[in-house]
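target31.cif, holding mmCIF, C-alpha atoms and all ligand atoms:
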data_work
#
loop_
_atom_site.label_atom_id
_atom_site.label_comp_id
_atom_site.auth_asym_id
_atom_site.auth_seq_id
_atom_site.Cartn_x
_atom_site.Cartn_y
_atom_site.Cartn_z
CA MET A 1038 10.51 -26.64 -57.67
CA ILE A 1039 13.75 -27.73 -59.31
CA ASP A 1040 15.30 -31.11 -58.51
CA ILE A 1041 17.89 -29.92 -55.97
CA ALA A 1042 19.80 -33.21 -55.83
CA LYS A 1043 20.27 -33.10 -59.59
CA ASN A 1044 20.93 -29.41 -60.03
CA ILE A 1045 23.28 -28.36 -57.26
CA ALA A 1046 27.01 -28.29 -58.00
CA THR A 1047 29.69 -30.64 -56.69
CA THR A 1048 31.03 -28.36 -53.92
CA PRO A 1049 27.73 -27.90 -52.02
CA ARG A 1050 26.89 -31.56 -52.63
CA ARG A 1051 30.09 -32.49 -50.79
CA THR A 1052 29.37 -30.03 -47.95
CA LYS A 1053 27.89 -31.75 -44.90
CA ALA A 1054 26.06 -29.89 -42.14
CA SER A 1055 28.34 -28.99 -39.24
CA VAL A 1056 27.72 -31.35 -36.31
CA ILE A 1057 28.44 -28.50 -33.88
CA ARG A 1058 25.94 -26.14 -35.48
CA GLU A 1059 23.31 -28.92 -35.45
CA LEU A 1060 24.10 -29.82 -31.85
CA LEU A 1061 23.90 -26.22 -30.71
CA LYS A 1062 20.26 -26.20 -31.74
CA THR A 1063 19.48 -28.91 -29.17
CA THR A 1064 21.71 -27.58 -26.44
CA ASN A 1065 20.15 -24.13 -26.22
CA GLN A 1066 17.09 -25.47 -24.41
CA PRO A 1067 16.40 -23.96 -20.98
CA GLY A 1068 17.93 -25.86 -18.06
CA ILE A 1069 20.74 -27.37 -20.11
CA ILE A 1070 24.29 -26.52 -19.07
CA SER A 1071 26.15 -26.43 -22.35
CA PHE A 1072 29.85 -27.18 -22.72
CA ALA A 1073 29.19 -27.65 -26.43
CA GLY A 1074 29.68 -24.32 -28.23
CA GLY A 1075 32.96 -22.46 -28.66
CA LEU A 1076 31.44 -19.24 -27.43
CA PRO A 1077 33.44 -16.57 -25.64
CA SER A 1078 31.82 -15.29 -22.46
CA PRO A 1079 29.40 -12.43 -23.27
CA ASP A 1080 30.13 -11.06 -19.77
CA HIS A 1081 33.33 -9.59 -21.17
CA PHE A 1082 32.28 -8.14 -24.49
CA PRO A 1083 33.47 -4.51 -24.47
CA TYR A 1084 30.01 -2.97 -24.92
CA ASP A 1085 30.90 0.56 -23.77
CA PHE A 1086 34.13 0.62 -25.75
CA VAL A 1087 32.29 -0.31 -28.97
CA ALA A 1088 29.53 2.26 -28.35
CA ASP A 1089 32.09 5.04 -27.75
CA ALA A 1090 34.27 3.96 -30.68
CA VAL A 1091 31.32 3.99 -33.11
CA LYS A 1092 30.36 7.50 -31.99
CA GLU A 1093 33.91 8.73 -32.48
CA ILE A 1094 34.29 6.98 -35.84
CA MET A 1095 31.03 8.45 -37.11
CA ALA A 1096 32.18 11.93 -36.12
CA LYS A 1097 35.64 11.64 -37.62
CA LYS A 1098 35.58 8.92 -40.29
CA GLY A 1099 31.93 8.25 -41.05
CA LYS A 1100 32.48 8.41 -44.81
CA VAL A 1101 35.14 5.68 -44.65
CA ALA A 1102 33.21 3.56 -42.15
CA LEU A 1103 30.02 3.38 -44.19
CA GLN A 1104 31.69 3.08 -47.59
CA TYR A 1105 33.10 0.05 -49.47
CA GLY A 1106 36.78 -0.39 -48.62
CA PRO A 1107 39.79 -1.95 -50.36
CA THR A 1108 39.46 -5.73 -50.76
CA ASP A 1109 42.68 -6.40 -48.84
CA GLY A 1110 41.56 -4.27 -45.88
CA LEU A 1111 41.71 -0.71 -44.56
CA PRO A 1112 45.21 0.74 -44.03
CA GLU A 1113 44.15 1.91 -40.53
CA LEU A 1114 43.67 -1.70 -39.34
CA LYS A 1115 46.67 -3.06 -41.22
CA GLU A 1116 48.90 -0.45 -39.58
CA GLU A 1117 47.68 -1.27 -36.07
CA PHE A 1118 47.85 -5.01 -36.69
CA ILE A 1119 51.45 -4.76 -37.88
CA LYS A 1120 52.34 -2.98 -34.62
CA PHE A 1121 50.45 -5.66 -32.67
CA LEU A 1122 52.41 -8.41 -34.46
CA LYS A 1123 55.70 -6.76 -33.59
CA ARG A 1124 54.76 -6.15 -29.95
CA TYR A 1125 53.16 -9.51 -29.17
CA GLU A 1126 54.92 -11.88 -31.55
CA GLY A 1127 58.21 -10.27 -32.56
CA VAL A 1128 57.06 -10.63 -36.19
CA ASP A 1129 58.02 -7.97 -38.75
CA ALA A 1130 55.31 -7.77 -41.40
CA LYS A 1131 54.68 -5.48 -44.34
CA PRO A 1132 51.18 -4.40 -45.42
CA GLU A 1133 51.42 -6.61 -48.53
CA GLU A 1134 51.80 -9.67 -46.26
CA LEU A 1135 48.32 -9.07 -44.79
CA ILE A 1136 44.75 -9.39 -45.93
CA ILE A 1137 41.82 -8.58 -43.65
CA THR A 1138 39.10 -11.25 -43.78
CA THR A 1139 35.53 -11.64 -42.66
CA SER A 1140 36.88 -13.83 -39.84
CA SER A 1141 38.90 -17.02 -39.86
CA GLN A 1142 36.15 -19.19 -41.27
CA GLN A 1143 36.30 -17.11 -44.45
CA ALA A 1144 40.09 -17.40 -44.39
CA LEU A 1145 39.75 -21.20 -44.27
CA ASP A 1146 37.38 -21.09 -47.21
CA MET A 1147 39.91 -18.98 -49.11
CA VAL A 1148 42.66 -21.49 -48.30
CA GLY A 1149 40.45 -24.29 -49.64
CA ARG A 1150 39.60 -22.35 -52.80
CA LEU A 1151 43.19 -21.36 -53.41
CA PHE A 1152 44.82 -24.75 -53.03
CA LEU A 1153 42.40 -27.61 -53.46
CA ASP A 1154 41.28 -29.68 -56.39
CA ALA A 1155 39.22 -32.84 -55.92
CA SER A 1156 41.17 -35.69 -54.25
CA ASP A 1157 44.12 -33.53 -53.17
CA PRO A 1158 45.75 -34.87 -50.02
CA VAL A 1159 45.65 -32.52 -47.01
CA ILE A 1160 47.42 -33.36 -43.76
CA VAL A 1161 45.48 -32.61 -40.58
CA GLU A 1162 45.89 -33.31 -36.88
CA LYS A 1163 43.76 -36.10 -35.49
CA PRO A 1164 41.61 -34.61 -33.97
CA SER A 1165 41.33 -31.30 -35.86
CA TYR A 1166 38.99 -28.28 -36.04
CA MET A 1167 35.70 -29.46 -37.48
CA GLY A 1168 34.97 -26.19 -39.33
CA ALA A 1169 38.20 -26.60 -41.31
CA LEU A 1170 37.49 -30.26 -42.10
CA GLN A 1171 34.06 -29.21 -43.35
CA VAL A 1172 35.45 -26.56 -45.71
CA PHE A 1173 38.36 -28.61 -47.04
CA ARG A 1174 36.08 -31.61 -47.56
CA SER A 1175 33.70 -29.47 -49.61
CA TYR A 1176 36.60 -28.67 -51.97
CA GLY A 1177 37.31 -32.38 -52.34
CA ALA A 1178 40.24 -32.84 -49.92
CA GLU A 1179 41.37 -36.35 -49.02
CA PHE A 1180 42.43 -36.18 -45.38
CA ILE A 1181 45.54 -37.72 -43.98
CA GLY A 1182 45.12 -37.64 -40.21
CA VAL A 1183 48.30 -37.56 -38.12
CA LYS A 1184 48.09 -38.37 -34.42
CA LEU A 1185 48.13 -35.54 -31.93
CA GLU A 1186 50.36 -35.97 -28.87
CA ASP A 1187 50.53 -33.98 -25.61
CA ASP A 1188 52.98 -31.55 -27.26
CA GLY A 1189 51.23 -31.34 -30.62
CA ILE A 1190 51.19 -33.29 -33.89
CA SER A 1191 53.54 -36.29 -34.05
CA THR A 1192 56.39 -35.01 -36.22
CA GLU A 1193 57.69 -38.55 -36.79
CA GLU A 1194 54.37 -39.70 -38.21
CA LEU A 1195 54.11 -36.44 -40.15
CA GLU A 1196 57.46 -37.07 -41.81
CA GLU A 1197 56.55 -40.68 -42.59
CA ARG A 1198 53.36 -39.52 -44.29
CA LEU A 1199 55.13 -36.80 -46.27
CA ALA A 1200 57.84 -39.22 -47.40
CA TRP A 1201 55.18 -41.73 -48.43
CA LEU A 1202 53.18 -39.12 -50.37
CA GLN A 1203 56.31 -37.92 -52.10
CA ALA A 1204 57.25 -41.49 -53.04
CA GLN A 1205 53.77 -41.97 -54.54
CA ASP A 1206 54.23 -38.75 -56.50
CA GLU A 1207 51.08 -37.41 -54.83
CA HIS A 1208 50.50 -33.68 -55.13
CA TYR A 1209 49.88 -32.97 -51.44
CA LYS A 1210 48.80 -29.38 -50.85
CA PHE A 1211 49.24 -28.28 -47.23
CA ILE A 1212 49.47 -29.22 -43.59
CA TYR A 1213 46.69 -27.67 -41.48
CA LEU A 1214 47.57 -27.05 -37.83
CA VAL A 1215 45.93 -25.35 -34.84
CA PRO A 1216 49.15 -24.98 -32.86
CA ASP A 1217 47.97 -23.06 -29.77
CA PHE A 1218 45.40 -24.47 -27.31
CA GLN A 1219 44.05 -26.52 -30.14
CA ASN A 1220 40.37 -26.72 -30.90
CA PRO A 1221 39.27 -29.34 -29.86
CA SER A 1222 41.94 -30.76 -27.53
CA GLY A 1223 43.51 -27.72 -25.81
CA VAL A 1224 46.99 -29.06 -26.71
CA THR A 1225 49.84 -26.67 -27.69
CA LEU A 1226 52.59 -27.51 -30.19
CA SER A 1227 56.05 -27.35 -28.54
CA GLU A 1228 58.76 -25.08 -29.94
CA VAL A 1229 61.00 -28.07 -30.69
CA LYS A 1230 58.28 -29.56 -32.88
CA ARG A 1231 57.59 -26.17 -34.47
CA LYS A 1232 61.21 -26.01 -35.59
CA LYS A 1233 60.95 -29.53 -36.97
CA ILE A 1234 57.82 -28.54 -38.91
CA ILE A 1235 59.66 -25.62 -40.52
CA GLU A 1236 62.39 -28.10 -41.54
CA LEU A 1237 59.81 -30.52 -42.98
CA SER A 1238 58.04 -27.71 -44.79
CA GLU A 1239 61.32 -26.87 -46.49
CA LYS A 1240 62.37 -30.47 -47.16
CA TYR A 1241 59.03 -31.50 -48.66
CA ASN A 1242 58.17 -28.06 -50.03
CA VAL A 1243 54.74 -27.98 -48.44
CA ALA A 1244 52.67 -25.04 -47.16
CA VAL A 1245 51.66 -24.98 -43.49
CA ILE A 1246 48.45 -23.29 -42.37
CA GLU A 1247 48.88 -21.95 -38.82
CA ASP A 1248 45.32 -21.33 -37.61
CA SER A 1249 45.58 -19.73 -34.20
CA PRO A 1250 42.45 -18.10 -32.74
CA TYR A 1251 43.36 -18.85 -29.10
CA ARG A 1252 47.05 -17.94 -28.99
CA GLN A 1253 46.62 -14.66 -27.07
CA ILE A 1254 44.50 -16.36 -24.38
CA ARG A 1255 47.43 -17.91 -22.51
CA PHE A 1256 46.91 -17.93 -18.76
CA GLU A 1257 50.01 -19.81 -17.68
CA GLY A 1258 53.38 -20.99 -19.03
CA LYS A 1259 55.57 -19.49 -21.76
CA ALA A 1260 54.40 -19.17 -25.35
CA PRO A 1261 56.45 -20.97 -28.01
CA LYS A 1262 57.20 -18.74 -31.01
CA MET A 1263 54.71 -18.54 -33.83
CA LEU A 1264 55.52 -20.76 -36.82
CA TYR A 1265 55.50 -17.61 -38.96
CA ARG A 1266 58.22 -16.07 -36.81
CA LEU A 1267 60.34 -19.22 -36.74
CA ASP A 1268 60.10 -19.34 -40.50
CA GLN A 1269 61.17 -15.69 -40.76
CA GLU A 1270 64.12 -16.41 -38.46
CA SER A 1271 65.19 -19.42 -40.49
CA LYS A 1272 64.96 -17.30 -43.66
CA LYS A 1273 64.02 -20.44 -45.52
CA THR A 1274 60.60 -21.31 -46.78
CA HIS A 1275 57.98 -18.50 -46.82
CA ASN A 1276 55.63 -21.49 -46.70
CA ILE A 1277 53.70 -20.49 -43.57
CA ILE A 1278 50.26 -18.93 -43.82
CA SER A 1279 48.95 -17.71 -40.45
CA LEU A 1280 45.32 -17.03 -39.63
CA PHE A 1281 44.21 -14.62 -36.89
CA THR A 1282 40.75 -13.71 -35.67
CA PHE A 1283 39.28 -11.10 -33.36
CA SER A 1284 36.48 -13.54 -32.45
CA LYS A 1285 37.94 -14.86 -29.21
CA THR A 1286 39.81 -11.76 -28.02
CA PHE A 1287 37.22 -9.11 -28.94
CA ALA A 1288 33.83 -10.29 -30.26
CA PRO A 1289 32.82 -12.95 -32.80
CA GLY A 1290 29.91 -10.73 -33.91
CA LEU A 1291 32.39 -8.41 -35.61
CA ARG A 1292 33.42 -11.22 -38.01
CA LEU A 1293 36.96 -9.96 -38.38
CA GLY A 1294 40.22 -11.77 -39.06
CA VAL A 1295 43.62 -11.46 -40.75
CA ILE A 1296 45.69 -13.73 -42.99
CA LEU A 1297 49.46 -13.33 -42.87
CA GLY A 1298 51.51 -14.83 -45.69
CA HIS A 1299 53.91 -14.29 -48.56
CA PRO A 1300 52.78 -11.30 -50.72
CA GLN A 1301 52.24 -13.57 -53.75
CA ILE A 1302 49.83 -15.75 -51.77
CA ILE A 1303 48.08 -12.68 -50.33
CA LYS A 1304 47.62 -11.25 -53.84
CA LYS A 1305 45.90 -14.48 -54.92
CA MET A 1306 43.72 -14.37 -51.79
CA GLU A 1307 42.72 -10.81 -52.63
CA ILE A 1308 41.47 -11.87 -56.06
CA LEU A 1309 39.42 -14.67 -54.44
CA LYS A 1310 37.96 -12.29 -51.87
CA GLN A 1311 36.78 -9.94 -54.60
CA SER A 1312 34.26 -12.57 -55.60
CA LEU A 1313 33.38 -13.54 -52.01
CA ASP A 1314 32.37 -10.23 -50.46
CA LEU A 1315 34.28 -7.36 -52.17
CA CYS A 1316 35.56 -6.28 -48.76
CA THR A 1317 35.16 -6.88 -45.03
CA SER A 1318 32.96 -4.41 -43.10
CA SER A 1319 34.74 -1.04 -43.04
CA LEU A 1320 33.02 0.02 -39.81
CA ASN A 1321 34.13 -3.13 -38.00
CA GLN A 1322 37.70 -2.72 -39.25
CA LEU A 1323 37.84 0.81 -37.87
CA ILE A 1324 36.45 -0.37 -34.52
CA ALA A 1325 39.13 -3.06 -34.33
CA ALA A 1326 41.83 -0.54 -35.31
CA GLU A 1327 40.71 1.60 -32.35
CA PHE A 1328 40.68 -1.46 -30.11
CA LEU A 1329 44.37 -1.99 -30.87
CA ARG A 1330 45.44 1.67 -31.16
CA THR A 1331 44.06 2.80 -27.80
CA GLY A 1332 45.63 -0.12 -25.91
CA PHE A 1333 42.17 -1.39 -24.91
CA PHE A 1334 43.11 -4.80 -26.34
CA ASP A 1335 46.00 -5.15 -23.86
CA LYS A 1336 43.74 -4.47 -20.86
CA HIS A 1337 40.86 -6.51 -22.19
CA ILE A 1338 42.92 -9.64 -22.82
CA GLU A 1339 44.03 -9.64 -19.17
CA VAL A 1340 40.39 -9.66 -18.01
CA ILE A 1341 39.57 -12.58 -20.33
CA LYS A 1342 42.62 -14.57 -19.27
CA GLN A 1343 41.84 -14.15 -15.59
CA ASP A 1344 38.24 -15.28 -16.00
CA TYR A 1345 38.98 -18.25 -18.28
CA LYS A 1346 41.75 -19.47 -15.99
CA LEU A 1347 39.34 -19.48 -13.07
CA LYS A 1348 36.81 -21.39 -15.17
CA LYS A 1349 39.38 -23.88 -16.50
CA ASP A 1350 40.61 -24.55 -12.95
CA THR A 1351 37.00 -25.01 -11.83
CA MET A 1352 36.39 -27.51 -14.62
CA VAL A 1353 39.56 -29.49 -13.94
CA GLY A 1354 38.75 -29.47 -10.20
CA ALA A 1355 35.22 -30.73 -10.89
CA LEU A 1356 36.50 -33.47 -13.21
CA GLU A 1357 38.89 -34.62 -10.47
CA LYS A 1358 36.07 -34.53 -7.92
CA TYR A 1359 33.30 -36.28 -9.85
CA MET A 1360 34.67 -38.41 -12.70
CA PRO A 1361 35.11 -42.15 -12.10
CA GLU A 1362 38.42 -43.93 -12.60
CA GLY A 1363 39.36 -44.60 -16.23
CA VAL A 1364 38.34 -41.13 -17.47
CA THR A 1365 41.19 -38.72 -18.35
CA TRP A 1366 41.37 -35.12 -19.59
CA THR A 1367 43.82 -32.47 -20.79
CA ASN A 1368 44.74 -29.49 -18.60
CA PRO A 1369 45.40 -26.68 -21.11
CA GLU A 1370 47.46 -23.57 -20.35
CA GLY A 1371 45.02 -21.37 -22.25
CA GLY A 1372 42.20 -21.24 -24.76
CA LEU A 1373 38.58 -22.28 -24.41
CA PHE A 1374 38.50 -26.09 -24.46
CA LEU A 1375 39.62 -29.26 -22.79
CA TRP A 1376 39.41 -32.79 -24.07
CA VAL A 1377 38.01 -35.77 -22.18
CA ARG A 1378 38.82 -39.42 -22.90
CA LEU A 1379 36.43 -42.11 -21.70
CA PRO A 1380 37.63 -45.72 -21.47
CA GLU A 1381 38.18 -47.18 -25.00
CA THR A 1382 35.11 -49.38 -24.69
CA MET A 1383 32.75 -46.44 -24.15
CA SER A 1384 31.16 -44.25 -26.80
CA ALA A 1385 30.68 -40.52 -26.21
CA ASP A 1386 28.47 -40.55 -29.33
CA ASP A 1387 26.06 -43.02 -27.71
CA MET A 1388 26.21 -41.21 -24.38
CA PHE A 1389 25.22 -37.84 -25.85
CA GLN A 1390 21.46 -38.40 -25.42
CA ASP A 1391 21.98 -39.65 -21.83
CA ALA A 1392 23.87 -36.45 -21.07
CA LEU A 1393 21.06 -34.34 -22.53
CA LYS A 1394 18.65 -36.17 -20.21
CA GLU A 1395 20.92 -35.11 -17.33
CA ASN A 1396 20.69 -31.56 -18.76
CA VAL A 1397 24.28 -31.22 -19.84
CA ALA A 1398 25.80 -31.05 -23.36
CA TYR A 1399 29.21 -31.52 -24.99
CA VAL A 1400 30.54 -32.06 -28.51
CA ILE A 1401 31.28 -35.64 -29.54
CA GLY A 1402 34.99 -36.14 -30.23
CA SER A 1403 34.43 -38.26 -33.35
CA ALA A 1404 33.19 -35.14 -35.18
CA PHE A 1405 36.75 -33.77 -35.02
CA HIS A 1406 38.32 -36.91 -36.49
CA SER A 1407 38.75 -36.88 -40.26
CA ASP A 1408 38.20 -40.67 -40.29
CA GLY A 1409 35.31 -40.77 -37.78
CA SER A 1410 37.42 -42.44 -35.06
CA GLY A 1411 37.78 -41.08 -31.49
CA LYS A 1412 34.36 -42.36 -30.41
CA ASN A 1413 35.42 -42.40 -26.75
CA THR A 1414 36.32 -38.69 -26.69
CA MET A 1415 34.49 -35.41 -26.13
CA ARG A 1416 35.25 -31.68 -26.19
CA LEU A 1417 34.26 -29.48 -23.26
CA ASN A 1418 34.16 -25.68 -23.48
CA PHE A 1419 34.90 -23.80 -20.26
CA SER A 1420 34.59 -20.14 -21.32
CA TYR A 1421 30.83 -19.78 -21.57
CA ALA A 1422 29.23 -21.26 -18.44
CA SER A 1423 29.72 -19.69 -14.98
CA PRO A 1424 31.96 -21.44 -12.41
CA THR A 1425 28.85 -22.63 -10.50
CA GLN A 1426 27.34 -24.03 -13.70
CA ILE A 1427 30.66 -25.66 -14.60
CA ASP A 1428 30.78 -27.54 -11.29
CA GLU A 1429 27.15 -28.63 -11.61
CA GLY A 1430 27.50 -29.52 -15.32
CA VAL A 1431 30.54 -31.74 -14.73
CA LYS A 1432 28.69 -33.44 -11.86
CA ARG A 1433 25.80 -34.22 -14.24
CA LEU A 1434 28.19 -35.43 -16.92
CA ALA A 1435 29.96 -37.70 -14.45
CA SER A 1436 26.57 -39.12 -13.46
CA ALA A 1437 25.87 -40.00 -17.13
CA VAL A 1438 29.32 -41.61 -17.43
CA LYS A 1439 28.88 -43.67 -14.24
CA LYS A 1440 25.44 -44.91 -15.33
CA ARG A 1441 26.88 -46.07 -18.68
CA MET A 1442 29.76 -47.79 -16.90
CA VAL A 1443 27.36 -49.68 -14.66
CA GLY A 1444 25.15 -50.53 -17.67
CA ALA A 1445 28.17 -51.94 -19.54
CA ARG A 1446 29.00 -54.41 -16.78
C1 LIG A 1501 40.61 -23.35 -34.99
C2 LIG A 1501 39.54 -22.42 -35.43
N1 LIG A 1501 39.65 -21.81 -36.63
C3 LIG A 1501 38.71 -20.97 -37.08
C4 LIG A 1501 37.59 -20.69 -36.33
C5 LIG A 1501 36.56 -19.76 -36.90
O1 LIG A 1501 36.52 -18.57 -36.17
P1 LIG A 1501 35.97 -17.21 -36.73
O2 LIG A 1501 35.39 -17.43 -38.07
O3 LIG A 1501 34.97 -16.74 -35.73
O4 LIG A 1501 37.16 -16.31 -36.78
C6 LIG A 1501 37.42 -21.28 -35.08
C7 LIG A 1501 36.23 -21.02 -34.27
O5 LIG A 1501 35.96 -21.55 -33.25
C8 LIG A 1501 38.44 -22.17 -34.61
O6 LIG A 1501 38.36 -22.77 -33.43
#
Would you mind writing the file out in structure tokens?
Amino acid sequence: MIDIAKNIATTPRRTKASVIRELLKTTNQPGIISFAGGLPSPDHFPYDFVADAVKEIMAKKGKVALQYGPTDGLPELKEEFIKFLKRYEGVDAKPEELIITTSSQQALDMVGRLFLDASDPVIVEKPSYMGALQVFRSYGAEFIGVKLEDDGISTEELEERLAWLQAQDEHYKFIYLVPDFQNPSGVTLSEVKRKKIIELSEKYNVAVIEDSPYRQIRFEGKAPKMLYRLDQESKKTHNIISLFTFSKTFAPGLRLGVILGHPQIIKKMEILKQSLDLCTSSLNQLIAAEFLRTGFFDKHIEVIKQDYKLKKDTMVGALEKYMPEGVTWTNPEGGLFLWVRLPETMSADDMFQDALKENVAYVIGSAFHSDGSGKNTMRLNFSYASPTQIDEGVKRLASAVKKRMVGAR
């Protein structure tokens, strides 16, 4: 056996195991109510639609479906996605602004490959999506965490950091944002701040990655415009790169996503993707094209929104009912997650094993902090468990919190 430590390259050596993926192994035990994963509810996967679509595709386009496709994606899906963008987001896009990916996680890897050299500064929200931190870290990123407020990243702190980096002559590469119902916090970036970010992107000439898997799952309130659209309207920067995925609105098993960006960036992404997987599954692309073309998406998203709203309300209600004083949480208008803050003196990391003993699981908030802070925070998912389980799970979690509070006295 070779000496792995000596022989593996720098990138995998830098890559740490995902805390979520490790945690999920322990939380799948029978009896545990898990708020840990980011899983959509399997109750709503469109099983019959997929079965019918595959039959139809095999009859009419079997040779395309089972063949290699173009690296940047099948025209059938691009065409439908462009219509979707216009209808839902008011965005006008051309085919050369799009590349189909094997989901958003691949898109994040492509962003890392395209932009990062070792020690490059990358600006992230604090907290931020762990899967992105993991990828960017593996390419050697140095994170600059900017605090997240109730209406998104602090634009004042963001500007301070950009000005400081510029003064140091640092070659900062991009700002990574999850602007809608952020994973992990559930927070949405306000339109005022979005406009400010477009201004900053122009002033400091910096790319912005808009990673938005949850945007279409809005169950209340009005959606602020996408950064990509605001940028188009301002006719200024072309610095926005937007990532979409079908994982939360259709099915994660399809592994299907889209990157939207300036054609020159997309061309570079295409070259990278050639070495990653040649192309994304042709069959899955045709299924997704049908999903959009037939209008099934529009009906399906309503079903998901209704169910997740009920579950979110159940979770917020249970938190109000069971949690002791000193514990606070976000109340998101969409998405899959909410964010709980324990009193500063408590550690959600330390409490994790206690919670498992109570048969309930969550993800520790510190895993989403680029600097390991946020020890008193945790992420709760509300899409997967049933309303009855949500009520019971929060009751168990509150019991673990109360026991710790008593123990600390
Ligand atoms: C913010 C964010 N980006 C990217 C992903 C990756 O999603 P996928 O690869 O399934 O598209 C997730 C998954 O939870 C996410 O929350």
Which distance in Å separates atom CA of Glu1247 of chain A and atom CA of Phe1287 of chain A, to one decimal? 20.0 Å
Go through chain A and flag each residue having an atom no more than 7 Å from ligand LIG 1501 (chain A); for those, report the closest pair of atoms plus their distance in Å to one decimal, using all atoms listed in the file, ordered by chain and rising number, as a tab-separated table.
residue	atom	partner	partner_atom	distance
A:Gly1075	CA	A:LIG1501	O5	5.6
A:Ser1140	CA	A:LIG1501	O4	3.9
A:Ser1141	CA	A:LIG1501	O4	3.6
A:Gln1142	CA	A:LIG1501	O2	3.7
A:Gln1143	CA	A:LIG1501	O2	6.5
A:Tyr1166	CA	A:LIG1501	C1	5.3
A:Gly1168	CA	A:LIG1501	C4	6.8
A:Ala1169	CA	A:LIG1501	N1	6.9
A:Val1215	CA	A:LIG1501	C1	5.7
A:Gln1219	CA	A:LIG1501	C1	6.7
A:Asn1220	CA	A:LIG1501	O6	5.1
A:Asp1248	CA	A:LIG1501	C1	5.8
A:Ser1249	CA	A:LIG1501	C1	6.2
A:Pro1250	CA	A:LIG1501	C2	5.9
A:Thr1282	CA	A:LIG1501	O4	4.6
A:Phe1283	CA	A:LIG1501	O4	6.6
A:Ser1284	CA	A:LIG1501	O3	4.8
A:Pro1289	CA	A:LIG1501	O3	5.3
A:Arg1292	CA	A:LIG1501	O3	6.2
A:Leu1293	CA	A:LIG1501	O4	6.6
A:Gly1294	CA	A:LIG1501	O4	5.9
Output, as AutoDock Vina command-line options, the centre and edge lengths in Å (one decimal) of the axis-aligned box that contains all listed atoms of segment 1159-1173 of chain A with 6 Å of margin on each side.
--center_x 40.7 --center_y -31.1 --center_z -40.5 --size_x 25.4 --size_y 21.9 --size_z 25.1
Applying 9 Å and only C-alpha atoms, which residues near Lys1184 of chain A remain after dropping the ones on its own chain fewer than 3 positions away? List them as a count of residues only. 9
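Of the residues under consideration (A:Val1377, A:Glu1257, A:Asn1065, A:Thr1192), A:Glu1257 shows the shortest atom-to-atom contact distance to Asp1350 of chain A when counting only C-alpha atoms.
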Under the rule of at most 9 Å, produce a per-residue listing of segment 1182-1239 of chain A near segment 1393-1416 of chain A: chain, number, name, the closest pair of atoms, and the distance in Å, as JSON lines, using only C-alpha atoms.
{"residue": "A:Gly1182", "atom": "CA", "partner": "A:Ser1407", "partner_atom": "CA", "distance": 6.4}
{"residue": "A:Asn1220", "atom": "CA", "partner": "A:Arg1416", "partner_atom": "CA", "distance": 8.5}
{"residue": "A:Pro1221", "atom": "CA", "partner": "A:Arg1416", "partner_atom": "CA", "distance": 5.9}
{"residue": "A:Ser1222", "atom": "CA", "partner": "A:Arg1416", "partner_atom": "CA", "distance": 6.9}
By how many Å are atom CA of Ile1324 of chain A and atom CA of Ala1096 of chain A apart?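 A separation of 13.1 Å between them.
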Rounded to one decimal in Å, what is the spacing between atom CA of Pro1261 of chain A and atom CA of Leu1329 of chain A?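 Computing the Euclidean distance for atom CA of Pro1261 of chain A and atom CA of Leu1329 of chain A yields 22.7 Å.
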Env of Gln1343 of chain A: 10 Å cut, atoms = all atoms listed in the file, seq-sep filter 4 positions within chain, self excluded. Answer as number ranges by chain. A: 1254-1256, 1338-1339, 1347-1348
Would you write out those residues with C-alpha atoms, as a compact mmCIF listing (two decimals), keeping the file's coordinate frame?
# COMPACT_ATOMS: atom_id res chain seq x y z
CA ILE A 1254 44.50 -16.36 -24.38
CA ARG A 1255 47.43 -17.91 -22.51
CA PHE A 1256 46.91 -17.93 -18.76
CA ILE A 1338 42.92 -9.64 -22.82
CA GLU A 1339 44.03 -9.64 -19.17
CA LEU A 1347 39.34 -19.48 -13.07
CA LYS A 1348 36.81 -21.39 -15.17
List the residues sitting within 6 Å of (37.2, -4.5, -46.5) in the file's frame, using only C-alpha atoms, as a list in words. Gly1106, Pro1107, Thr1108, Gly1110, Cys1316, Thr1317, Ser1318 and Ser1319 of chain A
Kindly extract all protein, DNA and RNA residues lying within 8 Å of the coordinates (52.3, -7.2, -47.0) given in the file, considering only C-alpha atoms, and supply them as a list in words.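 In the file's frame, the residues around the point are Ala1130, Lys1131, Pro1132, Glu1133, Glu1134, Leu1135, Ile1136, Leu1297, Gly1298, His1299, Pro1300 and Ile1303 of chain A.
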Can you put N, CA and C atoms back into segment 1152-1156 of chain A and show it as a JSON list (two decimals), in the coordinates of the input?
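Saved result, part.json, follows:
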[["chain", "number", "residue", "atom", "x", "y", "z"],
["A", 1152, "PHE", "N", 43.90, -23.62, -52.86],
["A", 1152, "PHE", "CA", 44.82, -24.75, -53.03],
["A", 1152, "PHE", "C", 44.19, -26.04, -53.56],
["A", 1153, "LEU", "N", 42.89, -26.24, -53.30],
["A", 1153, "LEU", "CA", 42.40, -27.61, -53.46],
["A", 1153, "LEU", "C", 41.67, -27.91, -54.76],
["A", 1154, "ASP", "N", 42.07, -29.04, -55.34],
["A", 1154, "ASP", "CA", 41.28, -29.68, -56.39],
["A", 1154, "ASP", "C", 40.78, -30.99, -55.80],
["A", 1155, "ALA", "N", 39.78, -31.59, -56.45],
["A", 1155, "ALA", "CA", 39.22, -32.84, -55.92],
["A", 1155, "ALA", "C", 40.32, -33.88, -55.74],
["A", 1156, "SER", "N", 40.26, -34.59, -54.60],
["A", 1156, "SER", "CA", 41.17, -35.69, -54.25],
["A", 1156, "SER", "C", 42.58, -35.25, -53.84]]
